[in-house]
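Asker: This is the structure I want to talk about, given as structure tokens.
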Amino acid sequence: QLVLLAVAAAAAYDPEGSYAVGDYCTHGGKLHKCNTPIPSGEAWNAEHWTETTVAAELLEQKQSPNTYQLAPVDGFSAVGYYFKTKDGVVTILSLLGGSEPFTGTNKQVATLPEEFRPKSLMYVPGLCLTSGKEYVGSSVAIFPDGRITNVCYTSNSLQNLAISCSFVAEK
């Protein structure tokens, strides 16, 4: 809906105006989207704009965001993915496993890139599978510096850690 409002508000290109990437204007009877910042006025430069349509912008908004795989650390491997929507909500759906069973709490299992990190330390539900094939509820700590650690209080060795959560990214 926001895209539709922005497109509807698109005015004719103003050579005295400034534009940010993603702004819309009309020029030559066609809709254009800014692809290069224009901090101060300039004559029309087609290289700074991409011709588009209302339908194309709505379709782009509905498409799924790019998905990425967690970056596991210290012998862990990851199955699953994480992604960030255009409004900054990060979703993680992943299963991390160790090549060897691990014990203890606060063991770092993965790292998130800077643009996918939370604003503050957060704890989310997790599920651990012990080496004895028992499921144990746990928490997962996601730090503002991108570290992801398990918070599973059990004396058993752990084999896998499942994470499923959503939060707003810092950037």
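Residues are named by chain letter and number: chains run A, B, ... in the order of the structure tokens, numbers start at 1 in each chain, and ligands are numbered from 1 in the order shown.
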Do a neighbour search on segment 25-41 of chain A at 8 Å with only C-alpha atoms, toss out local chain neighbours closer than 5 positions, and write the hits as a count of residues only.
Answerer: 19
Asker: Write down as a PyMOL selection string the residues of segment 40-115 of chain A whose backbone DSSP state falls under alpha helix (DSSP H).
Answerer: chain A and resi 54-62
Asker: I need the chosen residues saved as a short mmCIF file (atom, residue, chain, number, x, y, z; two decimals), in the first residue's frame, with all heavy atoms.
Answerer:
data_model
loop_
_atom_site.label_atom_id
_atom_site.label_comp_id
_atom_site.auth_asym_id
_atom_site.auth_seq_id
_atom_site.Cartn_x
_atom_site.Cartn_y
_atom_site.Cartn_z
N VAL A 54 3.30 0.99 -12.34
CA VAL A 54 2.64 0.71 -11.06
C VAL A 54 2.60 -0.80 -10.83
O VAL A 54 2.91 -1.28 -9.74
CB VAL A 54 1.21 1.31 -11.04
CG1 VAL A 54 0.46 0.87 -9.79
CG2 VAL A 54 1.27 2.82 -11.13
N ALA A 55 2.25 -1.56 -11.85
CA ALA A 55 2.17 -3.02 -11.71
C ALA A 55 3.52 -3.61 -11.32
O ALA A 55 3.60 -4.49 -10.45
CB ALA A 55 1.66 -3.64 -13.01
N ALA A 56 4.60 -3.14 -11.94
CA ALA A 56 5.93 -3.67 -11.62
C ALA A 56 6.31 -3.37 -10.17
O ALA A 56 6.88 -4.22 -9.48
CB ALA A 56 6.98 -3.08 -12.57
N GLU A 57 5.99 -2.19 -9.69
CA GLU A 57 6.32 -1.82 -8.31
C GLU A 57 5.50 -2.64 -7.31
O GLU A 57 6.01 -3.07 -6.28
CB GLU A 57 6.11 -0.33 -8.08
CG GLU A 57 7.07 0.54 -8.88
CD GLU A 57 8.53 0.20 -8.60
OE1 GLU A 57 8.95 0.26 -7.43
OE2 GLU A 57 9.27 -0.11 -9.56
N LEU A 58 4.24 -2.88 -7.61
CA LEU A 58 3.42 -3.71 -6.72
C LEU A 58 3.91 -5.15 -6.72
O LEU A 58 3.95 -5.81 -5.67
CB LEU A 58 1.95 -3.64 -7.13
CG LEU A 58 1.26 -2.32 -6.85
CD1 LEU A 58 -0.14 -2.30 -7.44
CD2 LEU A 58 1.22 -2.04 -5.35
N LEU A 59 4.30 -5.67 -7.87
CA LEU A 59 4.83 -7.03 -7.95
C LEU A 59 6.12 -7.15 -7.15
O LEU A 59 6.31 -8.11 -6.41
CB LEU A 59 5.06 -7.43 -9.41
CG LEU A 59 5.61 -8.83 -9.63
CD1 LEU A 59 4.64 -9.88 -9.10
CD2 LEU A 59 5.89 -9.06 -11.10
N GLU A 60 7.01 -6.17 -7.26
CA GLU A 60 8.27 -6.21 -6.51
C GLU A 60 8.01 -6.21 -5.01
O GLU A 60 8.66 -6.91 -4.25
CB GLU A 60 9.14 -5.00 -6.86
CG GLU A 60 10.46 -4.99 -6.10
CD GLU A 60 11.31 -3.78 -6.43
OE1 GLU A 60 11.30 -3.32 -7.58
OE2 GLU A 60 11.97 -3.29 -5.51
N GLN A 61 7.00 -5.45 -4.58
CA GLN A 61 6.68 -5.39 -3.15
C GLN A 61 6.17 -6.73 -2.64
O GLN A 61 6.43 -7.11 -1.50
CB GLN A 61 5.64 -4.30 -2.90
CG GLN A 61 5.31 -4.13 -1.43
CD GLN A 61 4.25 -3.09 -1.20
OE1 GLN A 61 3.47 -2.76 -2.09
NE2 GLN A 61 4.19 -2.58 0.00
N LYS A 62 5.46 -7.50 -3.46
CA LYS A 62 4.88 -8.76 -3.03
C LYS A 62 5.87 -9.92 -3.09
O LYS A 62 5.64 -10.95 -2.46
CB LYS A 62 3.66 -9.09 -3.88
CG LYS A 62 2.47 -8.20 -3.59
CD LYS A 62 1.27 -8.63 -4.38
CE LYS A 62 0.10 -7.76 -4.12
NZ LYS A 62 -0.63 -8.09 -2.94
#
Asker: With distances taken over only C-alpha atoms, which residue among A:Ala46, A:Ala9, A:Val89, A:Leu127 lies nearest Leu161 of chain A?
Answerer: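 The shortest atom-to-atom distance to Leu161 of chain A comes from A:Leu127.
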Asker: Could you please write out, as number ranges by chain, every residue of chain A that DSSP assigns to strand (DSSP E)?
Answerer: A: 24-27, 30-34, 49-52, 71-72, 76-84, 89-102, 108-111, 122-130, 135-142, 147-151, 158-168
Asker: If we count only C-alpha atoms, what is near Gln69 of chain A at a cut-off of 8 Å, once residues fewer than 4 positions away on the same chain are taken out, given as number ranges by chain?
Answerer: A: 78-82
Asker: Any idea what's packed within 8 Å of Gly88 of chain A, counting only C-alpha atoms, ignoring anything in its chain fewer than 5 positions away? Could you give it as a list in words?
Answerer: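 Here the qualifying residues turn out to be Val168, Ala169 and Lys171 of chain A.
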Asker: Only all heavy atoms, please: the residues just picked out, written as a PDB file, in the first residue's frame.
Answerer:
ATOM      1  N   VAL A 168      12.902  -6.939  14.865  1.00  0.00           N
ATOM      2  CA  VAL A 168      13.226  -5.783  14.031  1.00  0.00           C
ATOM      3  C   VAL A 168      14.735  -5.571  14.054  1.00  0.00           C
ATOM      4  O   VAL A 168      15.340  -5.522  15.131  1.00  0.00           O
ATOM      5  CB  VAL A 168      12.495  -4.521  14.509  1.00  0.00           C
ATOM      6  CG1 VAL A 168      12.920  -3.304  13.701  1.00  0.00           C
ATOM      7  CG2 VAL A 168      10.997  -4.718  14.438  1.00  0.00           C
ATOM      8  N   ALA A 169      15.337  -5.440  12.889  1.00  0.00           N
ATOM      9  CA  ALA A 169      16.778  -5.250  12.780  1.00  0.00           C
ATOM     10  C   ALA A 169      17.176  -3.837  13.198  1.00  0.00           C
ATOM     11  O   ALA A 169      16.383  -2.901  13.092  1.00  0.00           O
ATOM     12  CB  ALA A 169      17.238  -5.508  11.348  1.00  0.00           C
ATOM     13  N   LYS A 171      19.450  -1.969  11.727  1.00  0.00           N
ATOM     14  CA  LYS A 171      19.674  -1.107  10.551  1.00  0.00           C
ATOM     15  C   LYS A 171      18.728  -1.452   9.440  1.00  0.00           C
ATOM     16  O   LYS A 171      18.297  -2.517   9.258  1.00  0.00           O
ATOM     17  CB  LYS A 171      21.110  -1.251  10.062  1.00  0.00           C
ATOM     18  CG  LYS A 171      22.080  -0.771  11.107  1.00  0.00           C
ATOM     19  CD  LYS A 171      23.481  -0.826  10.572  1.00  0.00           C
ATOM     20  CE  LYS A 171      24.409  -0.335  11.654  1.00  0.00           C
ATOM     21  NZ  LYS A 171      25.680   0.011  11.219  1.00  0.00           N
TER      22      LYS A 171
END
Asker: With distances taken over only C-alpha atoms, which residue among A:Ala8, A:Cys128, A:Ile163, A:Ala71 lies nearest Thr105 of chain A?
Answerer: A:Cys128
Asker: Can you work out which one of A:Thr111, A:Thr149, A:Ser99, A:Gln159 has the shortest atom-to-atom distance to Pro72 of chain A, counting only C-alpha atoms?
Answerer: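 For Pro72 of chain A, the nearest of the given residues is A:Thr111.
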Asker: Give me the residues within 8 Å of Gln108 of chain A as a PDB file with C-alpha atoms, in the first residue's frame, counting only C-alpha atoms and dropping any in the same chain fewer than 4 places off.
Answerer:
ATOM      1  CA  VAL A  73      31.014 -21.171  13.739  1.00  0.00           C
ATOM      2  CA  ARG A 147      26.572 -13.575  17.997  1.00  0.00           C
ATOM      3  CA  ILE A 148      23.977 -16.319  18.368  1.00  0.00           C
ATOM      4  CA  THR A 149      24.436 -18.552  21.410  1.00  0.00           C
ATOM      5  CA  ASN A 150      22.511 -21.411  22.960  1.00  0.00           C
TER       6      ASN A 150
END
Asker: Which of these, A:Gly126, A:Gly75, A:Pro118, A:Gly132, has the shortest distance to Leu95 of chain A once you count only C-alpha atoms?
Answerer: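 Of A:Gly126, A:Gly75, A:Pro118, A:Gly132, the one nearest Leu95 of chain A, counting only C-alpha atoms, is A:Gly126.
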Asker: Of the residues A:Ala162, A:Gly98, A:Lys119, A:Lys133, which is the one nearest to Asp145 of chain A, using only C-alpha atoms?
Answerer: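 Closest candidate: A:Lys119.
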Asker: To one decimal place, how far is atom CA of Val140 of chain A from atom CA of Thr67 of chain A in Å?
Answerer: 20.5 Å
